[in-house]
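> Have a peek at target-v4.txt (compact mmCIF, C-alpha atoms).
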```
# COMPACT_ATOMS: atom_id res chain seq x y z
CA MET A 1 -37.30 -10.46 -17.25
CA MET A 2 -34.25 -11.57 -15.28
CA SER A 3 -32.96 -14.35 -17.53
CA LEU A 4 -30.11 -13.35 -19.76
CA GLY A 5 -30.22 -14.08 -23.48
CA LEU A 6 -27.44 -15.54 -25.59
CA GLU A 7 -26.21 -12.19 -26.85
CA GLU A 8 -26.16 -10.82 -23.34
CA TRP A 9 -24.08 -13.73 -22.05
CA GLN A 10 -21.81 -13.25 -25.02
CA ALA A 11 -21.34 -9.57 -24.13
CA ILE A 12 -20.63 -10.41 -20.49
CA GLY A 13 -18.11 -13.11 -21.38
CA LEU A 14 -16.41 -10.83 -23.89
CA THR A 15 -16.25 -7.97 -21.40
CA LEU A 16 -14.61 -10.18 -18.79
CA LYS A 17 -12.16 -11.54 -21.36
CA VAL A 18 -11.27 -8.06 -22.61
CA ALA A 19 -10.85 -6.66 -19.09
CA THR A 20 -8.74 -9.62 -17.93
CA VAL A 21 -6.42 -9.44 -20.93
CA ALA A 22 -6.21 -5.66 -20.59
CA MET A 23 -5.26 -5.97 -16.93
CA LEU A 24 -2.68 -8.75 -17.35
CA GLY A 25 -1.22 -7.21 -20.50
CA SER A 26 -0.67 -3.79 -18.98
CA LEU A 27 0.62 -5.05 -15.62
CA PRO A 28 4.29 -5.47 -16.66
CA PHE A 29 4.31 -2.02 -18.29
CA ALA A 30 2.64 -0.45 -15.26
CA LEU A 31 5.20 -2.07 -12.96
CA GLY A 32 8.04 -0.71 -15.07
CA VAL A 33 6.60 2.81 -15.33
CA ALA A 34 5.70 2.94 -11.63
CA TRP A 35 9.19 1.78 -10.74
CA LEU A 36 10.78 4.49 -12.90
CA LEU A 37 8.55 7.18 -11.41
CA SER A 38 9.14 6.05 -7.84
CA TYR A 39 12.84 5.22 -7.95
CA ARG A 40 14.37 7.44 -10.61
CA SER A 41 14.43 11.10 -11.37
CA PHE A 42 15.03 12.13 -14.96
CA PRO A 43 14.43 15.17 -17.13
CA GLY A 44 10.85 15.37 -18.35
CA LYS A 45 9.50 13.18 -15.55
CA ILE A 46 6.60 15.54 -14.99
CA ALA A 47 5.64 15.27 -18.67
CA VAL A 48 5.71 11.47 -18.42
CA GLU A 49 3.43 11.63 -15.39
CA ALA A 50 1.02 13.92 -17.24
CA LEU A 51 1.06 11.70 -20.34
CA ILE A 52 0.16 8.63 -18.30
CA SER A 53 -2.74 10.42 -16.63
CA LEU A 54 -3.99 11.85 -19.92
CA PRO A 55 -6.60 9.10 -20.53
CA LEU A 56 -8.21 10.12 -17.21
CA VAL A 57 -9.09 13.59 -18.48
CA LEU A 58 -9.29 13.31 -22.27
CA PRO A 59 -12.67 12.58 -23.82
CA PRO A 60 -12.44 8.80 -24.33
CA VAL A 61 -13.39 9.28 -27.97
CA VAL A 62 -10.14 11.21 -28.44
CA THR A 63 -8.13 8.36 -26.93
CA GLY A 64 -9.98 5.94 -29.20
CA TYR A 65 -9.28 8.05 -32.24
CA ALA A 66 -5.62 8.31 -31.30
CA LEU A 67 -5.48 4.52 -31.04
CA LEU A 68 -7.09 4.25 -34.47
CA ILE A 69 -4.49 6.59 -35.96
CA VAL A 70 -1.57 4.83 -34.35
CA LEU A 71 -2.70 1.20 -34.22
CA GLY A 72 -5.31 1.06 -37.01
CA ARG A 73 -4.48 -0.95 -40.15
CA HIS A 74 -3.17 2.19 -41.82
CA GLY A 75 -1.70 3.61 -38.63
CA VAL A 76 1.98 4.17 -38.02
CA ILE A 77 2.44 1.11 -35.82
CA GLY A 78 -0.71 -0.71 -36.93
CA ARG A 79 0.55 -1.05 -40.51
CA PHE A 80 3.79 -2.58 -39.29
CA LEU A 81 1.96 -5.00 -36.99
CA ASP A 82 -0.38 -6.01 -39.83
CA GLN A 83 2.17 -6.39 -42.63
CA GLN A 84 5.13 -7.78 -40.70
CA LEU A 85 3.54 -9.74 -37.89
CA GLY A 86 0.02 -10.33 -39.13
CA ILE A 87 -1.47 -8.73 -36.04
CA VAL A 88 -4.60 -6.66 -36.51
CA LEU A 89 -6.07 -4.80 -33.57
CA ALA A 90 -8.65 -2.49 -35.12
CA PHE A 91 -12.18 -3.92 -35.00
CA ARG A 92 -11.00 -7.01 -33.10
CA TRP A 93 -11.51 -7.97 -29.47
CA THR A 94 -7.75 -7.67 -28.96
CA GLY A 95 -8.07 -4.01 -29.93
CA ALA A 96 -10.80 -3.64 -27.32
CA ALA A 97 -8.35 -5.03 -24.77
CA VAL A 98 -5.74 -2.48 -25.85
CA ALA A 99 -8.25 0.38 -25.50
CA ALA A 100 -9.37 -0.88 -22.09
CA GLY A 101 -5.76 -1.34 -21.00
CA VAL A 102 -4.84 2.21 -21.97
CA MET A 103 -7.86 3.62 -20.14
CA GLY A 104 -7.07 1.60 -16.98
CA PHE A 105 -3.33 2.27 -17.09
CA PRO A 106 -3.33 5.47 -14.96
CA PHE A 107 -5.17 3.67 -12.14
CA MET A 108 -2.77 0.79 -12.19
CA VAL A 109 0.36 2.95 -12.26
CA ARG A 110 -0.94 5.11 -9.43
CA GLY A 111 -1.74 2.16 -7.16
CA ILE A 112 1.64 0.53 -7.75
CA ARG A 113 3.60 3.75 -7.46
CA LEU A 114 2.06 4.71 -4.12
CA SER A 115 2.99 1.34 -2.69
CA PHE A 116 6.55 1.63 -4.07
CA ASP A 117 6.81 5.11 -2.52
CA ALA A 118 5.78 3.71 0.87
CA ILE A 119 8.65 1.20 1.05
CA ASP A 120 11.53 2.08 3.35
CA ARG A 121 14.50 2.31 0.97
CA ASP A 122 16.79 1.11 3.75
CA LEU A 123 15.03 -2.27 3.67
CA GLU A 124 16.20 -2.58 0.08
CA TRP A 125 19.67 -1.42 1.05
CA ALA A 126 19.69 -4.05 3.79
CA ALA A 127 19.05 -6.69 1.13
CA ALA A 128 21.80 -5.23 -1.05
CA THR A 129 24.38 -5.26 1.75
CA LEU A 130 23.48 -8.92 2.34
CA GLY A 131 24.60 -9.61 -1.23
CA ALA A 132 21.44 -9.42 -3.31
CA PRO A 133 21.74 -7.97 -6.83
CA GLY A 134 19.20 -5.32 -7.83
CA TRP A 135 16.72 -7.62 -9.57
CA LEU A 136 16.69 -9.98 -6.60
CA VAL A 137 16.11 -7.08 -4.20
CA PHE A 138 13.12 -6.16 -6.36
CA VAL A 139 11.72 -9.69 -6.46
CA THR A 140 12.31 -10.61 -2.81
CA VAL A 141 11.76 -7.29 -1.00
CA THR A 142 10.19 -4.56 -3.15
CA LEU A 143 7.53 -6.61 -4.91
CA PRO A 144 6.28 -8.60 -1.89
CA LEU A 145 6.01 -5.43 0.19
CA ALA A 146 4.19 -3.61 -2.62
CA LEU A 147 1.93 -6.55 -3.44
CA PRO A 148 -1.32 -5.24 -1.91
CA GLY A 149 -0.89 -1.96 -3.82
CA VAL A 150 -0.03 -3.80 -7.03
CA LEU A 151 -3.11 -6.00 -6.72
CA SER A 152 -5.46 -3.18 -5.79
CA GLY A 153 -4.17 -1.07 -8.69
CA ALA A 154 -4.65 -4.01 -11.03
CA VAL A 155 -8.17 -4.67 -9.79
CA LEU A 156 -9.06 -0.99 -10.15
CA ALA A 157 -7.76 -1.00 -13.71
CA PHE A 158 -9.80 -4.16 -14.32
CA GLY A 159 -12.87 -2.34 -13.05
CA ARG A 160 -12.14 0.60 -15.31
CA ALA A 161 -11.71 -1.78 -18.26
CA LEU A 162 -15.12 -3.38 -17.54
CA GLY A 163 -16.84 -0.07 -18.07
CA GLU A 164 -14.83 1.21 -21.02
CA PHE A 165 -17.03 2.50 -23.81
CA GLY A 166 -15.90 5.64 -25.65
CA ALA A 167 -12.38 4.64 -26.65
CA THR A 168 -13.51 1.09 -27.39
CA ILE A 169 -16.36 1.93 -29.71
CA THR A 170 -14.19 4.45 -31.58
CA PHE A 171 -11.28 2.08 -32.04
CA VAL A 172 -12.99 -1.28 -32.55
CA SER A 173 -16.66 -0.38 -33.13
CA SER A 174 -19.41 -2.61 -31.72
CA ILE A 175 -19.42 -5.91 -33.55
CA PRO A 176 -21.60 -8.57 -31.89
CA GLY A 177 -19.47 -11.46 -30.63
CA GLU A 178 -16.20 -9.68 -31.44
CA THR A 179 -16.14 -6.26 -29.84
CA ARG A 180 -19.62 -5.74 -28.41
CA THR A 181 -18.95 -5.50 -24.67
CA ILE A 182 -21.58 -4.88 -21.99
CA ALA A 183 -21.27 -1.13 -22.39
CA SER A 184 -21.61 -1.13 -26.17
CA SER A 185 -24.46 -3.68 -25.94
CA ILE A 186 -26.33 -1.32 -23.67
CA TYR A 187 -25.77 1.50 -26.10
CA ALA A 188 -26.90 -0.62 -29.05
CA LEU A 189 -30.00 -1.81 -27.17
CA LEU A 190 -30.94 1.74 -26.34
CA GLN A 191 -31.24 2.40 -30.07
CA THR A 192 -33.59 -0.58 -30.46
CA PRO A 193 -37.31 -0.50 -29.74
CA ALA A 194 -38.25 -2.86 -26.90
CA GLY A 195 -34.67 -3.20 -25.71
CA ASP A 196 -35.53 -1.78 -22.28
CA SER A 197 -35.56 -4.96 -20.21
CA ALA A 198 -32.27 -6.16 -21.70
CA VAL A 199 -30.75 -2.75 -20.96
CA LEU A 200 -31.83 -3.03 -17.35
CA ARG A 201 -30.44 -6.54 -17.00
CA LEU A 202 -27.08 -5.56 -18.42
CA CYS A 203 -26.97 -2.45 -16.26
CA LEU A 204 -27.49 -4.59 -13.17
CA VAL A 205 -24.75 -6.99 -14.24
CA SER A 206 -22.48 -4.03 -14.87
CA VAL A 207 -23.13 -2.56 -11.42
CA ALA A 208 -22.54 -5.93 -9.77
CA LEU A 209 -19.22 -6.51 -11.56
CA SER A 210 -17.89 -3.01 -10.91
CA PHE A 211 -19.02 -3.06 -7.28
CA THR A 212 -17.22 -6.36 -6.72
CA ALA A 213 -14.03 -5.01 -8.28
CA LEU A 214 -14.12 -1.90 -6.08
CA ILE A 215 -14.73 -3.90 -2.90
CA LEU A 216 -11.85 -6.19 -3.77
CA SER A 217 -9.55 -3.25 -4.46
CA GLU A 218 -10.49 -1.54 -1.19
CA ALA A 219 -10.00 -4.77 0.77
CA LEU A 220 -6.51 -5.13 -0.70
CA ILE A 221 -5.61 -1.56 0.22
CA ARG A 222 -6.72 -2.24 3.78
CA ALA A 223 -4.76 -5.46 3.93
CA GLY A 224 -1.70 -3.53 2.82
CA ARG A 225 -2.25 -0.86 5.45
CA ARG A 226 -2.55 -3.48 8.19
CA ARG A 227 0.67 -5.08 7.04
CA SER A 228 2.62 -1.84 7.03
CA LEU A 229 1.35 -0.92 10.51
CA ARG A 230 2.76 -3.89 12.28
CA MET B 1 45.89 -5.03 8.56
CA SER B 2 42.34 -6.02 9.33
CA GLY B 3 40.45 -2.94 10.32
CA PHE B 4 39.15 0.28 8.93
CA ALA B 5 40.82 3.04 6.96
CA PHE B 6 38.47 5.80 6.04
CA GLN B 7 38.98 9.06 4.26
CA ALA B 8 36.13 10.82 2.53
CA ARG B 9 34.64 14.12 1.59
CA LEU B 10 30.94 14.53 0.96
CA GLY B 11 28.54 17.45 0.72
CA LEU B 12 24.89 16.62 1.45
CA GLY B 13 22.85 19.81 1.33
CA ASP B 14 23.97 21.90 4.30
CA PHE B 15 25.95 19.07 5.83
CA ARG B 16 29.62 18.63 5.00
CA LEU B 17 31.60 15.56 5.91
CA ASP B 18 35.37 15.65 5.66
CA ALA B 19 36.71 12.91 7.86
CA GLU B 20 39.78 10.71 7.99
CA PHE B 21 40.66 7.98 10.45
CA ALA B 22 42.27 4.57 10.63
CA ALA B 23 41.66 1.94 13.27
CA ASP B 24 42.71 -1.68 13.64
CA ALA B 25 41.31 -2.65 17.03
CA PRO B 26 38.78 -5.53 17.08
CA VAL B 27 36.14 -3.05 18.17
CA VAL B 28 36.07 0.52 16.95
CA ALA B 29 33.54 3.02 18.25
CA LEU B 30 32.44 6.14 16.44
CA VAL B 31 31.34 8.48 19.19
CA GLY B 32 29.79 11.89 18.86
CA PRO B 33 26.60 13.93 19.14
CA SER B 34 23.68 13.17 16.86
CA GLY B 35 23.94 14.86 13.51
CA SER B 36 27.74 14.76 13.60
CA GLY B 37 27.97 12.37 10.66
CA LYS B 38 28.44 8.96 12.28
CA THR B 39 25.60 7.30 10.41
CA THR B 40 26.73 8.98 7.20
CA ILE B 41 30.15 7.35 7.63
CA LEU B 42 28.51 3.92 8.01
CA ARG B 43 26.45 4.51 4.88
CA LEU B 44 29.55 5.56 2.95
CA MET B 45 31.34 2.41 4.09
CA ALA B 46 28.43 0.19 3.14
CA GLY B 47 28.09 1.72 -0.33
CA ILE B 48 24.69 3.31 0.28
CA LEU B 49 26.18 6.77 -0.15
CA LYS B 50 29.02 7.72 -2.42
CA PRO B 51 31.78 10.15 -1.35
CA ASP B 52 32.66 13.06 -3.59
CA ALA B 53 36.24 11.95 -3.10
CA GLY B 54 38.15 9.63 -0.81
CA ARG B 55 39.36 6.12 -0.08
CA ILE B 56 37.72 3.47 2.09
CA VAL B 57 39.37 0.24 3.20
CA LEU B 58 37.38 -2.39 5.06
CA GLY B 59 39.26 -5.37 6.45
CA ASP B 60 42.01 -5.70 3.87
CA ARG B 61 39.91 -4.70 0.88
CA VAL B 62 39.74 -1.35 -0.84
CA VAL B 63 36.02 -0.84 -1.46
CA PHE B 64 36.23 2.75 -2.65
CA ASP B 65 39.05 4.82 -4.09
CA SER B 66 38.12 7.85 -6.14
CA ALA B 67 41.71 8.30 -7.39
CA LYS B 68 41.79 4.77 -8.83
CA GLY B 69 38.16 4.70 -9.88
CA ILE B 70 37.25 1.88 -7.49
CA ASP B 71 33.66 1.84 -6.27
CA LEU B 72 32.33 -1.57 -5.30
CA PRO B 73 28.52 -1.80 -5.17
CA ALA B 74 26.96 -2.44 -1.76
CA ARG B 75 26.37 -6.11 -2.47
CA ARG B 76 30.07 -6.75 -3.16
CA ARG B 77 31.45 -4.93 -0.12
CA ALA B 78 31.04 -7.87 2.27
CA VAL B 79 29.75 -5.53 4.93
CA GLY B 80 27.44 -6.73 7.67
CA LEU B 81 25.36 -3.64 8.32
CA VAL B 82 23.03 -3.45 11.32
CA PHE B 83 20.64 -0.52 10.98
CA GLN B 84 19.43 1.57 13.91
CA ASP B 85 16.06 -0.11 14.15
CA GLY B 86 17.15 -3.51 12.87
CA LEU B 87 15.17 -3.24 9.63
CA LEU B 88 14.22 -6.88 9.44
CA PHE B 89 12.28 -7.89 6.34
CA PRO B 90 8.70 -7.65 7.66
CA HIS B 91 7.34 -10.28 5.28
CA MET B 92 9.80 -12.98 6.31
CA SER B 93 10.19 -15.04 9.47
CA VAL B 94 13.21 -14.63 11.73
CA ARG B 95 14.74 -17.75 10.18
CA GLN B 96 14.23 -16.42 6.64
CA ASN B 97 15.76 -13.11 7.65
CA LEU B 98 18.79 -14.88 9.10
CA LEU B 99 19.29 -17.05 6.02
CA TYR B 100 18.61 -14.32 3.43
CA GLY B 101 22.30 -13.50 2.87
CA ALA B 102 23.25 -17.15 2.29
CA TRP B 103 20.20 -17.67 0.11
CA VAL B 104 20.85 -14.76 -2.27
CA ARG B 105 24.43 -15.97 -2.68
CA ARG B 106 23.06 -19.42 -3.44
CA LYS B 107 24.95 -20.96 -0.58
CA GLY B 108 23.44 -23.60 1.63
CA ARG B 109 22.92 -23.25 5.32
CA PRO B 110 25.86 -21.19 6.59
CA ALA B 111 28.34 -23.20 8.68
CA GLY B 112 28.08 -20.97 11.74
CA PHE B 113 24.28 -20.95 11.85
CA GLU B 114 23.68 -23.12 14.93
CA ARG B 115 26.51 -21.53 16.86
CA LEU B 116 25.40 -17.98 16.12
CA VAL B 117 21.78 -18.78 16.93
CA GLY B 118 23.13 -20.08 20.24
CA LEU B 119 25.32 -17.05 20.93
CA LEU B 120 22.51 -14.60 20.22
CA GLU B 121 19.87 -16.82 21.89
CA LEU B 122 17.64 -16.78 18.84
CA ALA B 123 16.47 -20.40 18.88
CA PRO B 124 13.03 -19.70 20.42
CA LEU B 125 12.44 -16.85 17.95
CA LEU B 126 13.23 -18.59 14.68
CA ASP B 127 9.67 -19.08 13.44
CA ARG B 128 8.33 -15.73 14.59
CA ALA B 129 7.43 -12.78 12.41
CA PRO B 130 9.53 -9.65 13.03
CA HIS B 131 6.56 -7.61 14.27
CA ARG B 132 6.18 -10.05 17.16
CA LEU B 133 9.66 -9.37 18.51
CA SER B 134 10.75 -6.85 21.12
CA GLY B 135 13.13 -4.07 20.08
CA GLY B 136 16.12 -5.84 21.59
CA GLU B 137 15.20 -9.16 19.99
CA ARG B 138 14.85 -7.47 16.63
CA GLN B 139 18.30 -5.97 17.02
CA ARG B 140 19.79 -9.38 17.87
CA VAL B 141 18.22 -10.91 14.78
CA ALA B 142 19.61 -8.06 12.69
CA ILE B 143 23.11 -8.72 14.06
CA GLY B 144 22.70 -12.41 13.31
CA ARG B 145 21.45 -11.70 9.80
CA ALA B 146 24.44 -9.44 9.12
CA LEU B 147 26.98 -11.95 10.48
CA LEU B 148 25.48 -14.86 8.54
CA SER B 149 26.09 -13.05 5.25
CA ASP B 150 29.77 -13.85 5.85
CA PRO B 151 31.01 -10.25 6.08
CA ASP B 152 34.59 -8.99 6.32
CA VAL B 153 33.48 -6.34 8.81
CA LEU B 154 30.42 -5.67 10.93
CA LEU B 155 29.03 -2.13 10.99
CA MET B 156 26.46 -1.36 13.62
CA ASP B 157 24.38 1.74 14.08
CA GLU B 158 23.18 2.04 17.63
CA PRO B 159 19.49 2.21 18.46
CA VAL B 160 18.78 5.90 19.06
CA THR B 161 15.18 6.48 20.00
CA ALA B 162 14.12 7.22 23.56
CA ILE B 163 12.81 3.79 24.45
CA ASP B 164 16.10 2.30 23.39
CA GLN B 165 18.10 2.89 26.52
CA GLU B 166 17.11 -0.58 27.68
CA LYS B 167 17.56 -2.03 24.24
CA ARG B 168 21.16 -0.85 24.19
CA ALA B 169 21.84 -2.31 27.61
CA GLU B 170 20.36 -5.57 26.38
CA ILE B 171 22.55 -5.69 23.28
CA LEU B 172 25.91 -4.90 24.84
CA PRO B 173 26.52 -8.27 26.51
CA TYR B 174 25.88 -9.98 23.19
CA LEU B 175 28.35 -7.70 21.47
CA GLU B 176 30.92 -8.53 24.13
CA THR B 177 30.45 -12.22 23.44
CA LEU B 178 30.55 -11.78 19.69
CA THR B 179 33.75 -9.79 19.65
CA ARG B 180 35.36 -12.51 21.78
CA GLU B 181 34.00 -15.38 19.69
CA THR B 182 34.32 -14.09 16.14
CA ALA B 183 37.31 -12.52 14.46
CA ILE B 184 35.21 -10.02 12.53
CA PRO B 185 36.15 -6.39 13.19
CA LEU B 186 33.23 -4.39 14.56
CA LEU B 187 32.59 -0.73 14.03
CA TYR B 188 29.93 0.52 16.41
CA VAL B 189 28.27 3.91 16.25
CA SER B 190 27.35 5.35 19.61
CA HIS B 191 26.24 8.46 21.43
CA ALA B 192 27.51 7.39 24.78
CA ARG B 193 31.18 6.94 25.49
CA ALA B 194 30.78 5.11 28.78
CA GLU B 195 28.98 2.07 27.45
CA ILE B 196 31.36 1.59 24.59
CA GLU B 197 34.38 1.56 26.87
CA ARG B 198 32.97 -1.66 28.27
CA LEU B 199 33.76 -3.29 24.93
CA GLY B 200 37.36 -2.13 25.08
CA ALA B 201 36.82 -0.20 21.90
CA GLN B 202 39.21 2.08 20.12
CA ILE B 203 37.33 5.37 20.14
CA ILE B 204 37.08 7.75 17.20
CA HIS B 205 35.41 11.06 17.92
CA ILE B 206 33.20 12.51 15.26
CA GLU B 207 32.13 16.10 15.52
CA ARG B 208 30.51 18.21 12.83
CA GLY B 209 31.65 15.91 10.06
CA ARG B 210 35.25 15.68 11.24
CA ALA B 211 37.12 12.89 12.99
CA ALA B 212 39.56 12.90 15.89
CA ALA B 213 41.15 9.90 17.60
```
For this file, produce the structure as C-alpha cells.

Amino acid sequence: MMSLGLEEWQAIGLTLKVATVAMLGSLPFALGVAWLLSYRSFPGKIAVEALISLPLVLPPVVTGYALLIVLGRHGVIGRFLDQQLGIVLAFRWTGAAVAAGVMGFPFMVRGIRLSFDAIDRDLEWAAATLGAPGWLVFVTVTLPLALPGVLSGAVLAFGRALGEFGATITFVSSIPGETRTIASSIYALLQTPAGDSAVLRLCLVSVALSFTALILSEALIRAGRRRSLR
Amino acid sequence: MSGFAFQARLGLGDFRLDAEFAADAPVVALVGPSGSGKTTILRLMAGILKPDAGRIVLGDRVVFDSAKGIDLPARRRAVGLVFQDGLLFPHMSVRQNLLYGAWVRRKGRPAGFERLVGLLELAPLLDRAPHRLSGGERQRVAIGRALLSDPDVLLMDEPVTAIDQEKRAEILPYLETLTRETAIPLLYVSHARAEIERLGAQIIHIERGRAAA
C-alpha cells in the first residue's frame, strides 16, 4: 500500500522540478516588481498591483487559458518563441513551470515587498552618503536586510507551485512523464478504477511537501522578525 | 574657505524652510527647538532631500546650485553624515560598518583607521554586532564610520530621545578631541545651546525654518 510505483515517483520528481524552476525563474522578476512597488510611485501603480494579484482570485482555468492564448504555439508570444527561438512551452514541462510560476508570483511579490517596506530608508541613505552607488546599496544593504522575507516569499511560491493544477492542466495538459505532476496524477487516477490506493499515497506525499514548505516559510518569517527586533 | 554656505527654499507639506547662513568656524552648531528644520537642513546638505531652489557649498565644493543646474547625488557629496540614532548596518559587525565607506570606493584600509579607532576608543568593539552596543557606543561607531569615508565635512544630528541625555554627555568629549585632531569642519545639530558652547562652536539659530546668526 505504501510503496510508490514508478509513475508516482515520476510525478513527484516532475512536480519538484517544475516547482523549483518556477520559483527560481520568477525570483528575479518578483524582486524587480516588488522593488518598483515598494520604492517608486508611478501612475497606474494600483492597476499593476491588481494585475499581479489576479492569479489569486481568477479561476485557475482562466489563467491557464490565457497562457495558452499568449504562449501557445499559435499565441502572440508563443509563435515568436517557437519560430524564432525554437522554444515551445505548451504541453511541455517548461510550460508547467511557467504556469506554476505565474500562480505563485503574487505570493512571492507580497513576501518580498513587505520586507522591502520594513527597511529603514535612512539605512540606505547612510550607505549612499558613504559613497555607495544605488546598485551597491541594494546588494549590500537592502537585499541582506530583506533576505528572510525574500526567502519566505520564494518558499511560499514554491509551495503554491507544488499544488498547481487548474492552470497547468489547461496550458500543458497531463502527459505522463512530461507534464503529469502530482496534482494531475491524482486527478487522472481518480478517473481510473482501482486507483484509490495510489491516490491516497500521492495525497499524503502532497500534504507532506506542502506542510514542509509552509513550516520553512514561517520559520524564515520568524527569523526575520527576530533580526529586525534587535 | 572651508566651511558651510547654505541657502535653500523647500516646501514639505505644511512645513516651509527658507534659510540662509554661512559659517567657517571648525565647529558650527545649528541650534533651535525641535521641528524648526535643523534635521531638514542636514538632509538637504547630504543630498537626501532636494531644495526647490538654492545653493549649498560644503567645504570648498558647490554640491547644489539650482541656478547652475548643479545637484550632486548623495554618494558624490563627500559628506560624513551621523544620523540621530547612529543607524549602523545591523547585519554587519562594527569593523565592517567602519570600513564600509572605504570598501564601496574600492580603497584599501583607510590610512587613519588605527588612529581613529584609538581616538574613539573602538578597539574592544570591533568584532561586535551593532545590537550589542550601548547607545553611546553606537554613536561613536557612526562617527567613525562617517569619518573613515574620507569626507570633506562631518554633519552630525544629535541624539534626541529621552534616554539620550547621557548619550550626549558621553559623545561630547570625543567631539572635542576630534575637532582638535582632524581638520574636517563639523556641523552639529543640537537642542541645547549650553553643551555646544563647550565645543567653541559658531552658533546658527534655526527657528521655524529660518536662520539667524
> Given the point (34.1, 12.0, 19.2) in the file's coordinates, find the residues that have an atom at most 6 Å from it, counting only C-alpha atoms, and give them as an NGL selection string.
:B and (31-32 or 204-207)
> With all atoms listed in the file as the basis for distance, which of B:Glu121, B:Glu170, B:Asp65, B:Asp85 is at the shortest distance from chain A?
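The closest residue to chain A is B:Asp85.
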> Counting all atoms listed in the file, which residues from chain B have an atom at most 8 Å from any atom of chain A, and could you show them as a ChimeraX atom specification?
/B:46,48,74-81,87-89,91,100-101,104-105,131,146,149
> Show which residues sit within 9 Å of B:Phe83, as a list in words. Count all atoms listed in the file, and ignore same-chain residues fewer than 3 positions away.
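Using all atoms listed in the file, the neighbours found are Asp122 and Ala126 of chain A; Gly86, Leu87, Gln139, Ala142, Leu155, Met156, Asp157, Glu158 and Pro159 of chain B.
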> Would you compute an axis-aligned box for stretch 175-188 of chain B, covering every atom listed for it in the file with 6 Å of margin on each side, and report centre and edge lengths in Å to one decimal as AutoDock Vina command-line options?

```
--center_x 32.8 --center_y -7.4 --center_z 18.3 --size_x 21.0 --size_y 27.9 --size_z 23.6
```
> What does the distance between atom CA of A:Ala47 and atom CA of A:Ile77 come to in Å, to one decimal place?
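Atom CA of A:Ile77 lies 22.5 Å from atom CA of A:Ala47.
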> Could you check how far atom CA of A:Ala213 sits from atom CA of A:Leu68, in Å to one decimal?
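Separation of atom CA of A:Ala213 and atom CA of A:Leu68: 28.6 Å.
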> What is the atom CA of A:Phe165-atom CA of A:Tyr187 distance in Å, reported with one decimal?
9.1 Å
> Mind listing whatever residues come within 7 Å of the point (35.1, 18.8, 5.6)? Use only C-alpha atoms, file coordinates, and give them as a ChimeraX atom specification.
/B:9,16-19,209-210
> B:Leu44, B:Val117, B:Leu125, B:Ala212: which is nearest B:Ala29, counting only C-alpha atoms?
B:Ala212
> List the spatial neighbours of B:Leu199 as a PyMOL selection string - criterion: any atom at most 9 Å away, all atoms listed in the file, same-chain residues fewer than 6 positions off excluded.
chain B and resi 27+172-173+175-176+179
> Which one is closest to B:Val28: B:Gly200, B:Gly112, B:Gly135, B:Pro90? Count all atoms listed in the file.
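Looking at the shortest contact to B:Val28, the residue is B:Gly200.
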> Which neighbours of A:Phe107 fall inside 10 Å, counting all atoms listed in the file, when residues of the same chain fewer than 4 positions from it are skipped, and could you give them as number ranges by chain?
A: 30, 52-53, 56, 102-103, 111-113, 152-160
> Write out the residues from the selection above, keeping C-alpha atoms, as a PDB file, in the frame of the given file.

```
ATOM      1  CA  ALA A  30       2.640  -0.450 -15.260  1.00  0.00           C
ATOM      2  CA  ILE A  52       0.160   8.630 -18.300  1.00  0.00           C
ATOM      3  CA  SER A  53      -2.740  10.420 -16.630  1.00  0.00           C
ATOM      4  CA  LEU A  56      -8.210  10.120 -17.210  1.00  0.00           C
ATOM      5  CA  VAL A 102      -4.840   2.210 -21.970  1.00  0.00           C
ATOM      6  CA  MET A 103      -7.860   3.620 -20.140  1.00  0.00           C
ATOM      7  CA  GLY A 111      -1.740   2.160  -7.160  1.00  0.00           C
ATOM      8  CA  ILE A 112       1.640   0.530  -7.750  1.00  0.00           C
ATOM      9  CA  ARG A 113       3.600   3.750  -7.460  1.00  0.00           C
ATOM     10  CA  SER A 152      -5.460  -3.180  -5.790  1.00  0.00           C
ATOM     11  CA  GLY A 153      -4.170  -1.070  -8.690  1.00  0.00           C
ATOM     12  CA  ALA A 154      -4.650  -4.010 -11.030  1.00  0.00           C
ATOM     13  CA  VAL A 155      -8.170  -4.670  -9.790  1.00  0.00           C
ATOM     14  CA  LEU A 156      -9.060  -0.990 -10.150  1.00  0.00           C
ATOM     15  CA  ALA A 157      -7.760  -1.000 -13.710  1.00  0.00           C
ATOM     16  CA  PHE A 158      -9.800  -4.160 -14.320  1.00  0.00           C
ATOM     17  CA  GLY A 159     -12.870  -2.340 -13.050  1.00  0.00           C
ATOM     18  CA  ARG A 160     -12.140   0.600 -15.310  1.00  0.00           C
TER      19      ARG A 160
END
```
> Can you pull out every residue within 9 Å of B:Arg95, counting all atoms listed in the file, but drop anything in the same chain fewer than 3 positions away, and send it as a ChimeraX atom specification?
/B:92,98-100,125-128,141
> Stretch 52-62 of chain B: which residues within 8 Å, counting all atoms listed in the file, same-chain residues fewer than 6 positions away excluded, as a short mmCIF file (atom, residue, chain, number, x, y, z; two decimals) with C-alpha atoms, keeping the file's coordinate frame?

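Output below, filename selection-v2.cif:
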```
data_model
loop_
_atom_site.label_atom_id
_atom_site.label_comp_id
_atom_site.auth_asym_id
_atom_site.auth_seq_id
_atom_site.Cartn_x
_atom_site.Cartn_y
_atom_site.Cartn_z
CA MET B 1 45.89 -5.03 8.56
CA SER B 2 42.34 -6.02 9.33
CA GLY B 3 40.45 -2.94 10.32
CA PHE B 4 39.15 0.28 8.93
CA ALA B 5 40.82 3.04 6.96
CA PHE B 6 38.47 5.80 6.04
CA GLN B 7 38.98 9.06 4.26
CA ALA B 8 36.13 10.82 2.53
CA ARG B 9 34.64 14.12 1.59
CA LEU B 10 30.94 14.53 0.96
CA GLY B 11 28.54 17.45 0.72
CA MET B 45 31.34 2.41 4.09
CA ILE B 70 37.25 1.88 -7.49
CA ASP B 152 34.59 -8.99 6.32
CA VAL B 153 33.48 -6.34 8.81
CA PRO B 185 36.15 -6.39 13.19
#
```
> Which one of B:Ala22, B:Leu116, B:Ala123, B:Ala201 sits closest to B:Val189 if you count only C-alpha atoms?
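For B:Val189, the nearest of the given residues is B:Ala201.
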> Please determine, counting only C-alpha atoms, which residue among A:Ile87, A:Ala99, A:Leu6, A:Leu51 has the shortest atom-to-atom distance to A:Ala66.
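Answer, going by the shortest atom-to-atom distance: A:Ala99.
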